[in-house]
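A.B. asks: Questions regarding the structure given below will be posed in turn.
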Amino acid sequence: MASAPKSASPGASGNADSTFVLGTIDVSGARTGALTTKNILTSVDRVDADHIENQNVRSPWELFGQMPGVLLTDFNQGTTSGKLSFRGFNGEGEINAVKLLIDGIPSNSNDGNMPFMDAVFPLEIDSLETVRGTNDPRYGLHNIAGNASMTTLTGGNYARGRIGYGSYDTFGAETVAGHETDSFSQNYAFGYRKSQGYRDHSDMDKFGLAGKWYYSPASNVRLGFSARYARVSADEPGYLTNADARAHPTGSYAFNATDQATRETGQYAMYADVDLTNRLSWSTTAYMNTFRERRWVTFSASTSQQERFSDERHLGFLSTLTFRPQVNWLRDLALEAGVSGEWQDDVSRRWLTNRHARTSQTRDQAFSYDTWGAYVQAVIKPADTLKIIPAYRVDVLSGQLTNNLTGKRYDMNDYGVIQQPKISAVYTPWRGYSFYGNYGRSFQVGVGAGAYKIPPRTTDLAPSINDGWEVGMKFQPVDWIDGRIAYWEQLATNEVRRKLNDPTGDYDNLGKTKRHGVDLQANLRVTRDVALWFAYTYQMARIVDPGPASPASTGKQVDHVPNHLLSAGVDYRATPDLRLSAWANAQSAYYLEQTNTTGKYGAAVTVNARAAYRLSKSTTIDVQVTNLFNRFNEYVWYDGTQALHSPAPGRAAFASLTVSY
């Protein structure tokens with residue numbers, strides 16, 4: 001997407017798709033290059049830069065709270081700050097079901113978490129996008145429930161800086177710059193944030209920098225390179241009992257006094273986009289991701305402090321060939337084939353410690369984790385009112401793990417060729433209304449040590465297969481309203497989840513699960529100066545058959561999945577220079593474990609407000625208040641003996657000054 005969006009309103013993309021847009025996005029239809037998410041006929045949602053770039057957030061995952069159907073899990077534990085998830089999957093980290101991409105680069109760590117997200121700061125983000133569903137053939141690993149993308153500024157001529165200060169002694173500074181000529185473009189971004197945090201012992205200090213360079217030696221060739229690096233250091237306040245969380249939500253126990261973490265991430269990529277003919281395009285990205293973290297954590301008074309060390313290097317590529325033949329009786333026919341590969345070299349070590357002094361080592365694993373994938377898809381339009389998109393994807397995995405504590409090696413499970421058929425269609429019988437449906441298959445396999453045949457497991461395990469489908473309607477009966485309504489289901493076999501606190505990195509079998517839900521969302525442009533948006537999701541995730549080892553889980557709900565999610569907001573341009581905004585997120589309570597016997601927690605409502613005043617053509621002052629009504633919200637989990645609580649920040653205020661050139 002371009003860095004300077006064109007005048008595309010939320011409904012401007014037409015209705016022959018299923019995309020829902022909050023704000024202004026460049027939706028100009030490209031006749032060359034790879035197929036875009038406009039051809040993924042499922043719940044695709046985008047948010048523009050106006051709703052992102054001036055937000056005051058601890059981490060970019062919070063920005064996804066503006067998007068329909070997204071569940072935010074706020075751990076509020078140093079570098080482990082939080083995560084996004086959707087489609088009835090929780091954000092606990094046991095099953096990470098969302099593929100993350102930053103500027104098209106796969107950006108999950110081995111276990112599916114999203115540490116690379118912290119390297120991106122709001123001012124450089126051009127748009128956010130989620131693709132919810134199982135019918136996107138472009139990605140395999142971690143694409144269980146769909147994917148989320150962050151697109152940063154590319155091209156353009158601009159320079160902007162932002163500096164701010166607010167509650168908890170929070171200081172932030174960001175700057176972005178871009179310069180573009182006919183054949184060369186360059187973009188730069190820098191961000192810094194420091195805060196003492198809402199709770200005691202929750203100081204945080206992070207910075208990130210990024211650059212992009214693109215060169216076009218000819219009109220049909222575009223070559224590029226990008227680099228991104230970030231470093232985050234943070235204290236961890238730990239978890240409280242229920243009574244202490246209510247009475248002293250800002251507190252931290254003495255046994256957490258030395259809990260902290262330092263994380264470094266790097267992403268480096270080369271790009272090549274070539275129009276071989278006016279109907280044949282080739283696009284390739286090669287990348288390297290690096291992730292290193294050292295963390296000390298104590299979960300409760302009865303457990304020892306742990307030192308956890310992770311060191312990962314991922315080398316990979318994605319390549320697509322797109323052909324748009326001219327067939328008189330098929331409008332806009334497109335055929336695409338893609339291949340991808342990723343080779344991981346990862347290290348995971350753990351120790352028991354006493355105030356950072358090591359007492360024993362519990363894990364020392366080094367492993368390779370390699371994936372190959374390929375897909376084909378076609379866009380077929382037999383009539384002006386009908387578009388059909390069949391697709392097929394396959395993935396193959398291999399690898400080996402070495403347990404350096406014993407010197408033994410283990411092969412990865414032979415998951416075979418994982419076949420994933422997909423098909424989707426959209427029917428537009430009259431202007432302003434589109435009816436769409438899709439079916440797709442995705443997969444889940446083990447991560448970390450859970451992917452390998454480590455005794456007592458000596459036989460190959462099959463992947464967990466997720467079959468999902470969705471039907472929906474996108475509507476825009478008049479210019480001032482557009483929206484989408486959808487019903488979806490996702491059925492999984494042999495679902496597994498990581499044992500997060502297990503020294504060996506083993507997993508549990510969750511069994512056969514069923515997830516289903518309803519999504520309702522709408523944009524209303526009440527007047528030229530007033531816009532409203534609303535999204536509601538009902539979701540249910542149940543354990544249908546846990547197997548003979550866990551009969552008490554039969555028919556129970558999957559833990560940490562609220563049945564109700566709601567987000568809404570209003571933007572009001574009071575004068576040409578004054579803009580007022582308010583937005584809210586709410587969720588219902590969830591169960592803490594799979595037998596549903598330890599109560600429900602986590603119901604939350606958060607309302608935020610913002611005022612931005614343009615002092616001059618180049619200068620804007622911004623004031624933002626989060627958790628406006630100072631409501632008590634918290635994240636809660638169960639460690640097997642007790643519920644542990646992490647209170648979310650109370651009311652906070654931030655002011656910033658943005659200067660543009």
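For the structure tokens, the naming scheme is as follows: chains receive sequential letters (A, B, ...) according to their order of presentation, residues are indexed from 1 within each chain, and ligands are indexed from 1 in presentation order.
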What's the 6 Å shell around segment 310-322 of chain A, counting only C-alpha atoms, without same-chain residues fewer than 3 positions away, as a VMD selection string?
C.D. replies: chain A and resid 34 280 to 293 335 to 348
A.B. asks: Each residue of segment 116-172 of chain A with at least one atom at most 12 Å from segment 492-508 of chain A should appear once, together with its nearest atom pair and the corresponding distance in Å (one decimal); atoms considered: only C-alpha atoms; ordering: chain, then increasing residue number; output as a tab-separated table.
C.D. replies:
```
residue	atom	partner	partner_atom	distance
A:Thr134	CA	A:Ala492	CA	11.5
A:Ile144	CA	A:Ala492	CA	9.8
A:Ala145	CA	A:Ala492	CA	10.8
```
A.B. asks: Compile the contact shell of segment 69-74 of chain A as a PyMOL selection string: residues with an atom at most 10 Å away, counting only C-alpha atoms, same-chain residues fewer than 4 positions apart removed.
C.D. replies: chain A and resi 43+45+61-65+80-93+130+132+517-521+535-539+560-562+564-567+585-587+602+633-636+646-649
A.B. asks: Mind listing the strand (DSSP E or B) residues of segment 206-383 of chain A, per DSSP on the backbone, as a ChimeraX atom specification?
C.D. replies: /A:206-218,221-235,240,260-275,280-297,305-323,327,330,334-354,357-383
A.B. asks: Selected residues, C-alpha atoms, written as a short mmCIF file (atom, residue, chain, number, x, y, z; two decimals), in the first residue's frame, please.
C.D. replies:
```cif
data_model
loop_
_atom_site.label_atom_id
_atom_site.label_comp_id
_atom_site.auth_asym_id
_atom_site.auth_seq_id
_atom_site.Cartn_x
_atom_site.Cartn_y
_atom_site.Cartn_z
CA LYS A 206 12.81 0.15 24.23
CA PHE A 207 14.01 1.52 20.94
CA GLY A 208 13.75 0.48 17.33
CA LEU A 209 15.05 1.65 13.97
CA ALA A 210 14.25 0.63 10.43
CA GLY A 211 15.10 1.48 6.85
CA LYS A 212 13.83 0.57 3.38
CA TRP A 213 15.48 1.16 0.03
CA TYR A 214 13.89 0.43 -3.35
CA TYR A 215 15.45 0.81 -6.79
CA SER A 216 13.76 0.48 -10.18
CA PRO A 217 16.37 0.09 -12.95
CA ALA A 218 13.52 -0.25 -15.46
CA VAL A 221 11.60 -4.07 -12.31
CA ARG A 222 11.67 -3.13 -8.63
CA LEU A 223 14.41 -4.26 -6.25
CA GLY A 224 14.50 -3.56 -2.54
CA PHE A 225 16.17 -4.13 0.79
CA SER A 226 14.85 -3.52 4.30
CA ALA A 227 16.36 -3.73 7.78
CA ARG A 228 14.75 -3.48 11.20
CA TYR A 229 16.26 -3.82 14.68
CA ALA A 230 14.86 -3.35 18.18
CA ARG A 231 15.93 -3.83 21.77
CA VAL A 232 13.59 -3.96 24.76
CA SER A 233 14.49 -4.16 28.45
CA ALA A 234 11.76 -4.45 31.05
CA ASP A 235 11.06 -5.43 34.63
CA LEU A 240 -0.98 -11.20 42.49
CA GLN A 260 13.20 -8.91 34.25
CA ALA A 261 13.97 -9.54 30.59
CA THR A 262 15.96 -8.20 27.65
CA ARG A 263 14.90 -8.92 24.08
CA GLU A 264 16.58 -8.18 20.75
CA THR A 265 14.97 -8.70 17.35
CA GLY A 266 16.20 -8.16 13.82
CA GLN A 267 14.53 -8.49 10.43
CA TYR A 268 16.37 -8.16 7.14
CA ALA A 269 14.86 -8.75 3.71
CA MET A 270 15.51 -8.44 -0.01
CA TYR A 271 12.69 -7.93 -2.49
CA ALA A 272 12.35 -8.40 -6.24
CA ASP A 273 9.21 -7.58 -8.23
CA VAL A 274 9.35 -8.06 -11.98
CA ASP A 275 6.66 -7.73 -14.63
CA LEU A 280 2.93 -12.22 -16.15
CA SER A 281 4.45 -11.04 -12.86
CA TRP A 282 7.05 -12.52 -10.53
CA SER A 283 7.54 -11.46 -6.91
CA THR A 284 10.07 -12.80 -4.41
CA THR A 285 11.07 -11.93 -0.86
CA ALA A 286 14.08 -13.44 0.93
CA TYR A 287 14.48 -12.73 4.62
CA MET A 288 16.39 -13.38 7.82
CA ASN A 289 14.84 -12.99 11.28
CA THR A 290 16.86 -13.02 14.49
CA PHE A 291 15.39 -13.23 17.98
CA ARG A 292 17.24 -13.38 21.30
CA GLU A 293 15.73 -13.06 24.76
CA ARG A 294 16.92 -13.65 28.31
CA ARG A 295 14.19 -13.61 30.93
CA TRP A 296 13.97 -14.18 34.68
CA VAL A 297 10.46 -14.95 35.91
CA GLN A 305 12.66 -18.25 39.81
CA GLN A 306 13.49 -19.40 36.28
CA GLU A 307 16.00 -18.08 33.80
CA ARG A 308 14.79 -18.60 30.23
CA PHE A 309 17.00 -18.06 27.21
CA SER A 310 15.90 -18.20 23.57
CA ASP A 311 18.06 -17.65 20.49
CA GLU A 312 16.51 -18.10 17.05
CA ARG A 313 17.58 -17.50 13.46
CA HIS A 314 15.09 -17.95 10.64
CA LEU A 315 16.10 -17.87 6.97
CA GLY A 316 13.30 -17.97 4.44
CA PHE A 317 11.75 -16.90 1.18
CA LEU A 318 8.37 -16.43 -0.47
CA SER A 319 7.97 -16.39 -4.24
CA THR A 320 4.89 -16.03 -6.45
CA LEU A 321 4.24 -16.15 -10.17
CA THR A 322 1.00 -14.50 -11.28
CA PHE A 323 -0.52 -14.82 -14.76
CA VAL A 327 -9.99 -14.93 -22.02
CA LEU A 330 -13.85 -15.07 -18.37
CA ALA A 334 -5.89 -14.72 -12.81
CA LEU A 335 -3.73 -17.74 -12.05
CA GLU A 336 -1.12 -17.75 -9.32
CA ALA A 337 1.44 -20.22 -8.02
CA GLY A 338 3.61 -19.70 -4.97
CA VAL A 339 6.40 -21.46 -3.12
CA SER A 340 7.95 -20.72 0.26
CA GLY A 341 10.56 -22.12 2.58
CA GLU A 342 11.94 -21.41 6.01
CA TRP A 343 14.93 -22.86 7.84
CA GLN A 344 15.15 -22.28 11.58
CA ASP A 345 18.13 -22.82 13.88
CA ASP A 346 16.86 -22.37 17.42
CA VAL A 347 18.16 -22.71 20.96
CA SER A 348 16.05 -22.96 24.12
CA ARG A 349 17.63 -23.13 27.58
CA ARG A 350 16.24 -22.87 31.10
CA TRP A 351 17.65 -22.82 34.61
CA LEU A 352 16.26 -22.66 38.12
CA THR A 353 17.74 -19.59 39.79
CA ASN A 354 17.81 -17.66 43.04
CA ALA A 357 22.16 -17.17 40.57
CA ARG A 358 21.77 -20.50 38.76
CA THR A 359 21.03 -23.52 40.94
CA SER A 360 20.31 -26.15 38.25
CA GLN A 361 19.71 -26.41 34.51
CA THR A 362 16.38 -27.85 33.38
CA ARG A 363 16.58 -27.42 29.60
CA ASP A 364 19.27 -27.20 26.92
CA GLN A 365 17.79 -27.83 23.50
CA ALA A 366 19.08 -26.98 20.03
CA PHE A 367 16.90 -27.77 17.06
CA SER A 368 16.34 -27.24 13.38
CA TYR A 369 12.79 -26.62 12.21
CA ASP A 370 12.37 -26.49 8.44
CA THR A 371 9.26 -25.95 6.32
CA TRP A 372 8.49 -26.05 2.62
CA GLY A 373 5.19 -24.91 1.16
CA ALA A 374 3.55 -24.43 -2.22
CA TYR A 375 0.14 -23.29 -3.43
CA VAL A 376 -1.90 -22.58 -6.52
CA GLN A 377 -5.00 -20.45 -6.80
CA ALA A 378 -7.20 -19.05 -9.54
CA VAL A 379 -9.56 -16.11 -9.75
CA ILE A 380 -12.44 -17.01 -12.05
CA LYS A 381 -15.20 -14.58 -12.95
CA PRO A 382 -17.69 -16.33 -15.25
CA ALA A 383 -20.14 -13.42 -14.93
#
```
A.B. asks: Using Å and a single decimal, report how far atom CA of Leu123 of chain A sits from atom CA of Arg162 of chain A.
C.D. replies: 7.9 Å
